[in-house]
$ cat query_22.csv   # CSV, C-alpha atoms
chain,number,residue,atom,x,y,z
A,623,MET,CA,123.8,165.2,53.8
A,624,THR,CA,120.8,165.4,51.5
A,625,LYS,CA,117.3,164.3,52.5
A,626,THR,CA,117.5,161.5,49.9
A,627,THR,CA,120.8,160.3,51.4
A,628,ARG,CA,119.4,160.4,55.0
A,629,ARG,CA,116.3,158.5,53.8
A,630,GLY,CA,118.5,155.9,52.1
A,631,LEU,CA,120.6,155.4,55.2
A,632,ALA,CA,117.5,155.0,57.4
A,633,ALA,CA,116.1,152.4,55.0
A,634,ALA,CA,119.4,150.6,55.1
A,635,ALA,CA,119.5,150.7,58.9
A,636,THR,CA,116.0,149.4,59.0
A,637,ALA,CA,116.8,146.5,56.6
A,638,PHE,CA,120.0,145.7,58.6
A,639,GLY,CA,118.0,145.6,61.8
A,640,LEU,CA,115.4,143.3,60.3
A,641,LEU,CA,118.2,141.0,59.0
A,642,PHE,CA,119.9,141.0,62.4
A,643,ALA,CA,116.7,140.1,64.1
A,644,ALA,CA,115.9,137.3,61.7
A,645,THR,CA,119.5,136.0,62.0
A,646,THR,CA,119.2,136.1,65.8
A,647,ALA,CA,115.9,134.3,65.8
A,648,GLN,CA,117.3,131.6,63.5
A,649,ALA,CA,120.2,131.1,65.8
A,650,ALA,CA,117.9,129.7,68.4
A,651,ASP,CA,116.5,126.2,67.9
A,652,LEU,CA,113.3,127.3,69.6
A,653,ASP,CA,111.9,130.9,70.0
A,654,LYS,CA,110.4,130.3,73.4
A,655,VAL,CA,109.7,127.6,76.0
A,656,HIS,CA,107.2,127.7,78.8
A,657,PHE,CA,108.0,125.3,81.7
A,658,ILE,CA,105.2,124.0,83.9
A,659,ILE,CA,106.6,122.9,87.3
A,660,PRO,CA,104.3,120.5,89.2
A,661,GLY,CA,105.5,121.6,92.6
A,662,GLY,CA,106.5,124.7,94.6
A,663,ALA,CA,109.7,126.8,94.6
A,664,GLY,CA,112.9,125.2,95.9
A,665,GLY,CA,112.2,121.6,95.0
A,666,GLY,CA,113.9,119.3,92.5
A,667,TRP,CA,111.4,120.0,89.7
A,668,ASP,CA,111.8,123.7,90.2
A,669,SER,CA,115.6,123.6,90.1
A,670,THR,CA,115.6,121.3,87.1
A,671,ALA,CA,113.2,123.4,85.0
A,672,ARG,CA,114.9,126.7,85.9
A,673,GLY,CA,118.4,125.3,85.5
A,674,THR,CA,117.5,123.8,82.1
A,675,GLY,CA,115.9,127.1,81.0
A,676,GLU,CA,118.9,129.0,82.1
A,677,ALA,CA,121.3,126.8,80.1
A,678,LEU,CA,119.1,126.8,77.0
A,679,THR,CA,118.6,130.6,76.9
A,680,LYS,CA,122.2,131.5,77.9
A,681,SER,CA,123.6,129.2,75.2
A,682,GLY,CA,121.3,130.6,72.6
A,683,LEU,CA,119.4,127.4,71.9
A,684,VAL,CA,116.1,129.0,73.1
A,685,GLY,CA,115.1,132.6,72.6
A,686,GLN,CA,113.3,133.0,76.0
A,687,ALA,CA,112.0,130.8,78.8
A,688,SER,CA,109.2,131.3,81.3
A,689,TYR,CA,108.1,129.3,84.3
A,690,GLU,CA,104.9,128.4,86.1
A,691,ASN,CA,104.8,126.6,89.4
A,692,MET,CA,101.6,124.6,89.7
A,693,SER,CA,101.4,122.6,92.9
A,694,GLY,CA,98.5,120.3,93.8
A,695,GLY,CA,97.3,116.7,93.7
A,696,GLY,CA,100.8,115.3,94.1
A,697,GLY,CA,101.7,116.7,90.6
A,698,GLY,CA,98.3,115.7,89.1
A,699,LEU,CA,97.1,119.3,88.7
A,700,ALA,CA,99.9,120.1,86.3
A,701,ILE,CA,99.4,116.9,84.4
A,702,ALA,CA,95.7,117.5,84.0
A,703,HIS,CA,96.3,121.1,83.0
A,704,LEU,CA,98.8,120.1,80.3
A,705,ILE,CA,96.3,117.6,78.9
A,706,GLU,CA,93.5,120.2,79.0
A,707,ILE,CA,95.5,122.7,76.9
A,708,ALA,CA,96.6,120.1,74.3
A,709,GLY,CA,96.4,121.5,70.8
A,710,LYS,CA,97.6,124.9,71.8
A,711,ALA,CA,100.6,124.1,73.9
A,712,ASP,CA,103.5,123.3,71.5
A,713,ASP,CA,105.6,125.9,73.3
A,714,THR,CA,104.8,124.4,76.8
A,715,ILE,CA,106.6,121.4,78.4
A,716,MET,CA,106.4,120.0,81.9
A,717,VAL,CA,109.2,118.8,84.0
A,718,ASN,CA,108.7,115.6,85.9
A,719,SER,CA,110.6,112.6,87.4
A,720,THR,CA,110.2,109.2,89.0
A,721,PRO,CA,107.1,110.4,91.1
A,722,ILE,CA,105.0,110.4,88.0
A,723,VAL,CA,105.5,106.6,87.9
A,724,ILE,CA,105.0,106.1,91.6
A,725,ARG,CA,101.9,108.3,92.0
A,726,SER,CA,100.2,106.8,89.0
A,727,LEU,CA,100.8,103.4,90.5
A,728,GLN,CA,99.2,104.6,93.7
A,729,LYS,CA,96.2,106.2,91.8
A,730,VAL,CA,97.1,109.6,93.3
A,731,PHE,CA,95.9,110.8,89.9
A,732,PRO,CA,94.2,108.9,87.1
A,733,GLN,CA,96.8,109.8,84.4
A,734,SER,CA,100.2,108.3,83.7
A,735,PHE,CA,103.2,109.1,81.5
A,736,ARG,CA,101.3,107.3,78.7
A,737,ASP,CA,98.9,110.3,78.5
A,738,LEU,CA,101.6,112.7,77.6
A,739,THR,CA,104.2,113.2,74.8
A,740,PRO,CA,107.5,112.0,76.0
A,741,ILE,CA,110.3,114.3,75.1
A,742,ALA,CA,113.4,113.2,77.0
A,743,GLY,CA,114.9,112.2,80.3
A,744,THR,CA,117.7,114.7,80.7
A,745,VAL,CA,119.4,114.3,84.1
A,746,GLY,CA,119.6,112.0,87.1
A,747,ASP,CA,119.8,112.9,90.7
A,748,TYR,CA,120.8,110.6,93.5
A,749,ALA,CA,118.9,110.5,96.7
A,750,ALA,CA,120.4,111.5,100.0
A,751,ILE,CA,119.6,111.2,103.7
A,752,ILE,CA,120.5,114.4,105.6
A,753,VAL,CA,120.2,116.0,109.0
A,754,ALA,CA,120.6,119.6,110.2
A,755,LYS,CA,124.2,120.7,110.8
A,756,ASP,CA,123.7,120.8,114.6
A,757,SER,CA,121.9,117.5,114.8
A,758,ASP,CA,123.0,115.0,117.5
A,759,ILE,CA,122.7,112.3,114.8
A,760,ALA,CA,126.4,111.8,114.0
A,761,ASP,CA,126.2,109.5,111.0
A,762,PHE,CA,123.9,107.1,109.2
A,763,GLY,CA,124.5,104.3,111.6
A,764,SER,CA,123.3,106.5,114.5
A,765,LEU,CA,120.1,107.3,112.6
A,766,VAL,CA,119.4,103.7,111.9
A,767,SER,CA,120.0,102.9,115.6
A,768,ALA,CA,117.6,105.6,116.7
A,769,VAL,CA,114.9,104.4,114.2
A,770,LYS,CA,115.2,100.9,115.5
A,771,ALA,CA,115.0,102.0,119.1
A,772,ASP,CA,111.9,104.2,118.7
A,773,PRO,CA,110.8,105.3,115.1
A,774,THR,CA,108.1,107.6,116.6
A,775,LYS,CA,110.9,109.8,118.0
A,776,MET,CA,112.8,109.9,114.8
A,777,PRO,CA,110.5,111.4,112.1
A,778,ILE,CA,112.0,111.5,108.6
A,779,GLY,CA,110.5,114.0,106.2
A,780,GLY,CA,110.4,114.3,102.4
A,781,GLY,CA,109.1,116.6,99.7
A,782,SER,CA,106.5,114.1,98.5
A,783,VAL,CA,103.3,112.4,99.7
A,784,ALA,CA,103.3,109.4,101.9
A,785,GLY,CA,104.3,106.4,99.8
A,786,GLY,CA,105.9,108.8,97.3
A,787,MET,CA,109.5,108.7,96.1
A,788,ASP,CA,111.2,110.3,99.2
A,789,HIS,CA,109.2,107.9,101.4
A,790,VAL,CA,110.2,104.9,99.2
A,791,VAL,CA,113.9,105.9,99.4
A,792,ALA,CA,113.7,106.3,103.2
A,793,ALA,CA,112.1,102.9,103.6
A,794,MET,CA,114.5,101.4,101.1
A,795,VAL,CA,117.7,102.5,102.9
A,796,MET,CA,116.3,101.5,106.3
A,797,LYS,CA,115.4,98.1,105.0
A,798,GLY,CA,118.9,97.8,103.6
A,799,ALA,CA,120.3,98.7,107.0
A,800,GLY,CA,118.2,96.1,108.8
A,801,ALA,CA,115.5,98.4,110.2
A,802,SER,CA,111.8,97.8,109.4
A,803,PRO,CA,110.8,99.8,106.3
A,804,THR,CA,107.2,100.0,107.4
A,805,SER,CA,108.1,101.4,110.8
A,806,VAL,CA,109.6,104.6,109.4
A,807,LYS,CA,107.6,107.7,110.7
A,808,TYR,CA,107.4,109.6,107.5
A,809,VAL,CA,106.3,113.3,107.4
A,810,PRO,CA,105.3,114.5,103.9
A,811,TYR,CA,105.8,118.1,102.7
A,812,ASP,CA,104.6,119.8,99.5
A,813,ALA,CA,107.9,120.2,97.6
A,814,GLY,CA,111.5,120.0,98.7
A,815,GLY,CA,111.9,123.6,99.8
A,816,LYS,CA,109.2,123.2,102.5
A,817,ALA,CA,110.7,119.8,103.6
A,818,MET,CA,114.1,121.4,104.0
A,819,ALA,CA,112.5,124.2,106.0
A,820,GLY,CA,111.0,121.5,108.2
A,821,LEU,CA,114.4,120.0,108.8
A,822,LEU,CA,116.1,123.2,109.6
A,823,SER,CA,113.3,124.2,112.0
A,824,GLY,CA,113.4,120.9,113.9
A,825,GLU,CA,110.0,119.6,112.8
A,826,ILE,CA,111.7,116.5,111.6
A,827,LYS,CA,114.9,114.8,112.6
A,828,ALA,CA,116.1,113.7,109.1
A,829,LEU,CA,115.2,114.3,105.5
A,830,SER,CA,115.1,112.1,102.5
A,831,THR,CA,115.7,114.3,99.5
A,832,GLY,CA,117.6,114.7,96.2
A,833,PHE,CA,121.4,115.0,96.4
A,834,GLY,CA,121.2,118.1,94.2
A,835,GLU,CA,118.9,119.8,96.6
A,836,ALA,CA,121.1,119.0,99.6
A,837,ILE,CA,124.6,119.7,98.2
A,838,GLU,CA,124.3,123.5,98.2
A,839,LEU,CA,123.1,123.7,101.7
A,840,ALA,CA,125.8,121.3,102.8
A,841,LYS,CA,128.4,123.6,101.2
A,842,GLN,CA,126.9,126.4,103.2
A,843,ASP,CA,127.2,124.3,106.3
A,844,GLN,CA,123.5,124.2,107.0
A,845,VAL,CA,123.0,120.5,106.7
A,846,ARG,CA,125.1,117.3,106.9
A,847,ILE,CA,124.6,114.5,104.3
A,848,LEU,CA,124.7,111.1,106.0
A,849,CYS,CA,124.8,109.1,102.8
A,850,VAL,CA,124.0,109.2,99.1
A,851,THR,CA,122.4,106.5,97.0
A,852,ALA,CA,125.1,106.4,94.4
A,853,ALA,CA,127.1,103.3,93.4
A,854,GLY,CA,130.3,105.1,94.2
A,855,ARG,CA,131.3,108.4,95.9
A,856,VAL,CA,130.1,111.5,94.1
A,857,ASN,CA,132.8,114.0,93.0
A,858,ALA,CA,130.8,116.9,94.4
A,859,ALA,CA,131.0,115.5,97.9
A,860,LYS,CA,133.8,113.0,98.1
A,861,ASP,CA,133.8,112.8,101.9
A,862,VAL,CA,130.2,111.6,101.9
A,863,PRO,CA,129.8,107.8,102.0
A,864,THR,CA,127.4,105.9,99.8
A,865,CYS,CA,124.4,104.4,101.6
A,866,ASP,CA,125.9,101.0,100.8
A,867,GLU,CA,129.2,102.0,102.5
A,868,ALA,CA,127.2,103.5,105.4
A,869,GLY,CA,125.4,100.3,106.1
A,870,ALA,CA,122.4,100.1,103.8
A,871,THR,CA,123.7,97.1,102.0
A,872,GLY,CA,123.3,97.0,98.2
A,873,ILE,CA,121.1,100.1,98.1
A,874,GLU,CA,121.4,102.3,95.0
A,875,PHE,CA,118.9,104.7,93.5
A,876,ILE,CA,118.9,107.4,90.9
A,877,ASN,CA,115.9,109.7,90.2
A,878,TRP,CA,115.6,110.7,86.6
A,879,ARG,CA,114.2,114.1,85.7
A,880,GLY,CA,112.9,115.0,82.2
A,881,PHE,CA,110.3,116.6,80.2
A,882,PHE,CA,106.9,115.9,78.6
A,883,GLY,CA,104.7,117.7,76.1
A,884,ALA,CA,100.9,117.8,75.9
A,885,PRO,CA,99.2,114.8,74.2
A,886,GLY,CA,99.1,115.3,70.4
A,887,MET,CA,102.2,117.6,70.3
A,888,SER,CA,103.4,117.8,66.7
A,889,ALA,CA,106.2,115.4,65.8
A,890,ASP,CA,108.2,118.4,64.4
A,891,LYS,CA,108.0,120.2,67.7
A,892,GLN,CA,108.9,117.1,69.8
A,893,GLN,CA,112.0,116.6,67.6
A,894,ALA,CA,112.9,120.3,68.0
A,895,TYR,CA,112.9,119.9,71.8
A,896,ILE,CA,115.0,116.7,71.5
A,897,ALA,CA,117.5,118.4,69.2
A,898,ALA,CA,117.8,121.4,71.6
A,899,PHE,CA,118.4,119.1,74.6
A,900,ALA,CA,121.0,117.1,72.7
A,901,LYS,CA,122.9,120.3,71.8
A,902,MET,CA,122.6,121.6,75.3
A,903,TYR,CA,124.9,118.9,76.8
A,904,GLU,CA,127.8,120.3,74.7
A,905,THR,CA,127.5,123.8,76.1
A,906,PRO,CA,129.6,125.3,79.0
A,907,GLU,CA,126.3,127.0,80.2
A,908,TRP,CA,124.8,123.5,80.8
A,909,GLU,CA,128.0,122.2,82.5
A,910,GLU,CA,127.9,125.1,84.9
A,911,VAL,CA,124.3,124.3,85.8
A,912,ARG,CA,124.9,120.5,86.0
A,913,ALA,CA,128.0,120.8,88.2
A,914,ARG,CA,126.3,123.3,90.5
A,915,ASN,CA,123.5,120.9,91.2
A,916,GLY,CA,125.5,117.7,91.3
A,917,TRP,CA,123.3,116.1,88.5
A,918,VAL,CA,124.3,113.2,86.4
A,919,ASN,CA,123.8,113.6,82.6
A,920,ILE,CA,121.4,111.1,81.1
A,921,PHE,CA,119.7,111.3,77.7
A,922,ASN,CA,116.7,109.1,76.9
A,923,PRO,CA,114.9,110.8,74.0
A,924,GLY,CA,111.5,110.0,72.5
A,925,GLU,CA,110.8,106.3,72.2
A,926,ASP,CA,113.8,105.4,74.4
A,927,PHE,CA,112.3,107.5,77.1
A,928,SER,CA,109.0,105.6,76.8
A,929,ALA,CA,110.8,102.2,77.0
A,930,PHE,CA,112.7,103.3,80.1
A,931,LEU,CA,109.5,104.4,81.8
A,932,GLU,CA,107.8,101.1,81.1
A,933,LYS,CA,110.7,99.3,82.6
A,934,GLN,CA,110.9,101.5,85.7
A,935,GLU,CA,107.2,101.2,86.3
A,936,LYS,CA,107.5,97.5,86.6
A,937,GLU,CA,110.6,97.6,88.9
A,938,ILE,CA,109.0,100.2,91.2
A,939,ALA,CA,105.7,98.4,91.4
A,940,ASP,CA,107.5,95.3,92.5
A,941,LEU,CA,109.5,97.2,95.2
A,942,MET,CA,106.4,99.1,96.5
A,943,LYS,CA,104.5,95.8,96.8
A,944,GLU,CA,107.5,94.4,98.8
A,945,LEU,CA,107.5,97.5,101.1
A,946,GLY,CA,103.7,97.4,101.6
A,947,PHE,CA,102.9,100.6,99.7
A,948,LEU,CA,100.8,98.8,97.0

$ encode --input "query_22.csv" --output "structure tokens"
Amino acid sequence: MTKTTRRGLAAAATAFGLLFAATTAQAADLDKVHFIIPGGAGGGWDSTARGTGEALTKSGLVGQASYENMSGGGGGLAIAHLIEIAGKADDTIMVNSTPIVIRSLQKVFPQSFRDLTPIAGTVGDYAAIIVAKDSDIADFGSLVSAVKADPTKMPIGGGSVAGGMDHVVAAMVMKGAGASPTSVKYVPYDAGGKAMAGLLSGEIKALSTGFGEAIELAKQDQVRILCVTAAGRVNAAKDVPTCDEAGATGIEFINWRGFFGAPGMSADKQQAYIAAFAKMYETPEWEEVRARNGWVNIFNPGEDFSAFLEKQEKEIADLMKELGFL
């Protein structure tokens, strides 16, 4: 082989490599996404961001994903950070959920969803009331009876601040079962992972949490799910009664989870995220993540997401006033 031939082959190989790299880059809707997670590891925000990133990258819709846990201020630290880096954060999105509405109403932080760029609500997760596997609380009715008898001896924990979503859910189901919602002895933890550890260590007697966070530990026989706030039994745990069936009459609740960009995010980038999420639902990689976590698919993109949040804000404000949290 002559030197000229070798040089020609090398040039061809280089050109092919550049063409392959360009084609691969074009195959992804987005080159990279950096997820900000407003809580610690092990919680619902953490699993949602990492599960979404897993599905997006494995399906080829995103080139690469990175993650940053940013606890503090009931989620307010992450929101303030996203606002602070506006203008240079088109590759960054923040996961959030119903607590952004609740904590804004409570003035835990001064911002609201209106200060961010709405991208989409992507999944829903039912709430669940759970106990440790060896708990002497046999079922939801037993828990309600114990709370009615002496709520101080039956602390119920959650991975959010007092008056936050897990507290609201605990109060809601107790009210539905005939117990005083304001008598619940609620113990707050910073994120779901720490709350679950508190349950397993015996610091609390029961836990108000997301169904998706509970289902894997239930499958591992570490916890028992007393009831789930779905309208009907969930396929991932068909033997678990709904809270309505268990005695919390008429109680249903689903916690949305979704994503926001910084204020001023370009319309093109916002639409690119929306398009990537829309395609994600059709992939087997997403279905694996969704089924593993027991999530319900929802899709509220852009302006629909904003309208949904406006409606939920009013409904939750009315409920929190009734329960004495506002």

$ closest_residue --input "query_22.csv" --among "A:Ile658, A:Gly743, A:Met887, A:Gly872" --to "Pro923 of chain A" --atoms "all atoms listed in the file"
A:Gly743

$ closest_atom_pairs --input "query_22.csv" --of "segment 725-821 of chain A" --to "segment 842-860 of chain A" --cutoff "8 Å" --atoms "all atoms listed in the file" --output "tab-separated table"
residue	atom	partner	partner_atom	distance
A:Tyr748	CA	A:Thr851	CA	5.6
A:Ala749	CA	A:Thr851	CA	5.3
A:Ala750	CA	A:Val850	CA	4.4
A:Ile751	CA	A:Leu848	CA	5.6
A:Ile752	CA	A:Ile847	CA	4.3
A:Val753	CA	A:Arg846	CA	5.5
A:Ala754	CA	A:Val845	CA	4.3
A:Lys755	CA	A:Val845	CA	4.3
A:Asp756	CA	A:Val845	CA	7.9
A:Asp761	CA	A:Leu848	CA	5.5
A:Phe762	CA	A:Leu848	CA	5.2

$ residues_around --input "query_22.csv" --residues "Gly779 of chain A" --least-positions-apart "4" --cutoff "9 Å" --atoms "only C-alpha atoms" --output "JSON, numbers by chain"
{"A": [788, 789, 792, 807, 808, 809, 810, 811, 817, 818, 820, 821, 825, 826, 827, 828, 829, 830, 831]}

$ atom_distance --input "query_22.csv" --atom1 "atom CA of Trp878 of chain A" --atom2 "atom CA of Asn718 of chain A"
8.5 Å

$ atom_distance --input "query_22.csv" --atom1 "atom CA of Asp668 of chain A" --atom2 "atom CA of Pro803 of chain A"
28.8 Å

$ closest_residue --input "query_22.csv" --among "A:Leu652, A:Ala929, A:Ala793, A:Leu678" --to "Pro773 of chain A" --atoms "all atoms listed in the file"
A:Ala793

$ atom_distance --input "query_22.csv" --atom1 "atom CA of Asp712 of chain A" --atom2 "atom CA of Gly673 of chain A"
20.5 Å

$ closest_residue --input "query_22.csv" --among "A:Ile837, A:Ser757, A:Ala702, A:Lys936" --to "Ser823 of chain A" --atoms "all atoms listed in the file"
A:Ser757

$ closest_residue --input "query_22.csv" --among "A:Leu699, A:Leu948, A:Met692, A:Ala801" --to "Ala813 of chain A" --atoms "all atoms listed in the file"
A:Met692

$ closest_residue --input "query_22.csv" --among "A:Gly815, A:Pro906, A:Gly746, A:Gly883" --to "Val918 of chain A" --atoms "only C-alpha atoms"
A:Gly746

$ residues_around --input "query_22.csv" --residues "Val730 of chain A" --least-positions-apart "6" --cutoff "10 Å" --atoms "all atoms listed in the file" --output "list of chain:residue names"
A:Gly695, A:Gly696, A:Gly697, A:Gly698, A:Ile722, A:Ile724, A:Val783, A:Gly786

$ write_last_selection --input "query_22.csv" --atoms "C-alpha atoms" --output "PDB file, in the frame of the given file"
ATOM      1  CA  GLY A 695      97.300 116.700  93.700  1.00  0.00           C
ATOM      2  CA  GLY A 696     100.800 115.300  94.100  1.00  0.00           C
ATOM      3  CA  GLY A 697     101.700 116.700  90.600  1.00  0.00           C
ATOM      4  CA  GLY A 698      98.300 115.700  89.100  1.00  0.00           C
ATOM      5  CA  ILE A 722     105.000 110.400  88.000  1.00  0.00           C
ATOM      6  CA  ILE A 724     105.000 106.100  91.600  1.00  0.00           C
ATOM      7  CA  VAL A 783     103.300 112.400  99.700  1.00  0.00           C
ATOM      8  CA  GLY A 786     105.900 108.800  97.300  1.00  0.00           C
TER       9      GLY A 786
END

$ closest_residue --input "query_22.csv" --among "A:Thr674, A:Asn919, A:Asn877, A:Ser802" --to "Val723 of chain A" --atoms "all atoms listed in the file"
A:Asn877

$ residues_around --input "query_22.csv" --residues "Ser734 of chain A" --least-positions-apart "3" --cutoff "12 Å" --atoms "all atoms listed in the file" --output "ChimeraX atom specification"
/A:697-698,701-702,705,718-731,737-740,882,885,928,931-932,935

$ build_atoms --input "query_22.csv" --residues "segment 751-768 of chain A" --atoms "N, CA, C and O atoms" --output "compact mmCIF listing (two decimals), in the frame of the given file"
# COMPACT_ATOMS: atom_id res chain seq x y z
N ILE A 751 120.21 111.08 102.37
CA ILE A 751 119.60 111.20 103.70
C ILE A 751 120.44 112.24 104.45
O ILE A 751 121.66 112.12 104.56
N ILE A 752 119.76 113.28 104.94
CA ILE A 752 120.50 114.40 105.60
C ILE A 752 119.89 114.77 106.90
O ILE A 752 118.74 114.42 107.22
N VAL A 753 120.68 115.47 107.68
CA VAL A 753 120.20 116.00 109.00
C VAL A 753 120.70 117.48 109.04
O VAL A 753 121.56 117.91 108.26
N ALA A 754 120.13 118.24 109.96
CA ALA A 754 120.60 119.60 110.20
C ALA A 754 122.01 119.60 110.70
O ALA A 754 122.46 118.63 111.31
N LYS A 755 122.73 120.66 110.47
CA LYS A 755 124.20 120.70 110.80
C LYS A 755 124.42 120.48 112.29
O LYS A 755 125.41 119.87 112.69
N ASP A 756 123.51 120.95 113.18
CA ASP A 756 123.70 120.80 114.60
C ASP A 756 123.00 119.60 115.20
O ASP A 756 122.86 119.47 116.41
N SER A 757 122.56 118.67 114.36
CA SER A 757 121.90 117.50 114.80
C SER A 757 122.79 116.60 115.68
O SER A 757 124.00 116.54 115.44
N ASP A 758 122.20 115.92 116.68
CA ASP A 758 123.00 115.00 117.50
C ASP A 758 123.12 113.62 116.80
O ASP A 758 123.73 112.70 117.35
N ILE A 759 122.54 113.49 115.61
CA ILE A 759 122.70 112.30 114.80
C ILE A 759 124.06 112.41 114.08
O ILE A 759 124.22 113.21 113.16
N ALA A 760 125.04 111.64 114.52
CA ALA A 760 126.40 111.80 114.00
C ALA A 760 126.62 111.24 112.63
O ALA A 760 127.37 111.80 111.83
N ASP A 761 125.96 110.12 112.33
CA ASP A 761 126.20 109.50 111.00
C ASP A 761 124.96 108.59 110.73
O ASP A 761 124.01 108.51 111.52
N PHE A 762 125.00 107.93 109.59
CA PHE A 762 123.90 107.10 109.20
C PHE A 762 123.59 105.98 110.15
O PHE A 762 122.43 105.67 110.45
N GLY A 763 124.64 105.38 110.68
CA GLY A 763 124.50 104.30 111.60
C GLY A 763 123.72 104.76 112.87
O GLY A 763 122.87 104.03 113.42
N SER A 764 123.99 105.99 113.30
CA SER A 764 123.30 106.50 114.50
C SER A 764 121.80 106.74 114.17
O SER A 764 120.94 106.50 115.02
N LEU A 765 121.50 107.17 112.95
CA LEU A 765 120.10 107.30 112.60
C LEU A 765 119.38 106.01 112.55
O LEU A 765 118.26 105.89 113.07
N VAL A 766 120.01 105.00 111.99
CA VAL A 766 119.40 103.70 111.90
C VAL A 766 119.15 103.14 113.36
O VAL A 766 118.06 102.62 113.66
N SER A 767 120.12 103.32 114.25
CA SER A 767 120.00 102.90 115.60
C SER A 767 118.79 103.57 116.31
O SER A 767 118.00 102.94 117.04
N ALA A 768 118.65 104.87 116.07
CA ALA A 768 117.60 105.60 116.70
C ALA A 768 116.20 105.19 116.12
O ALA A 768 115.22 105.09 116.87
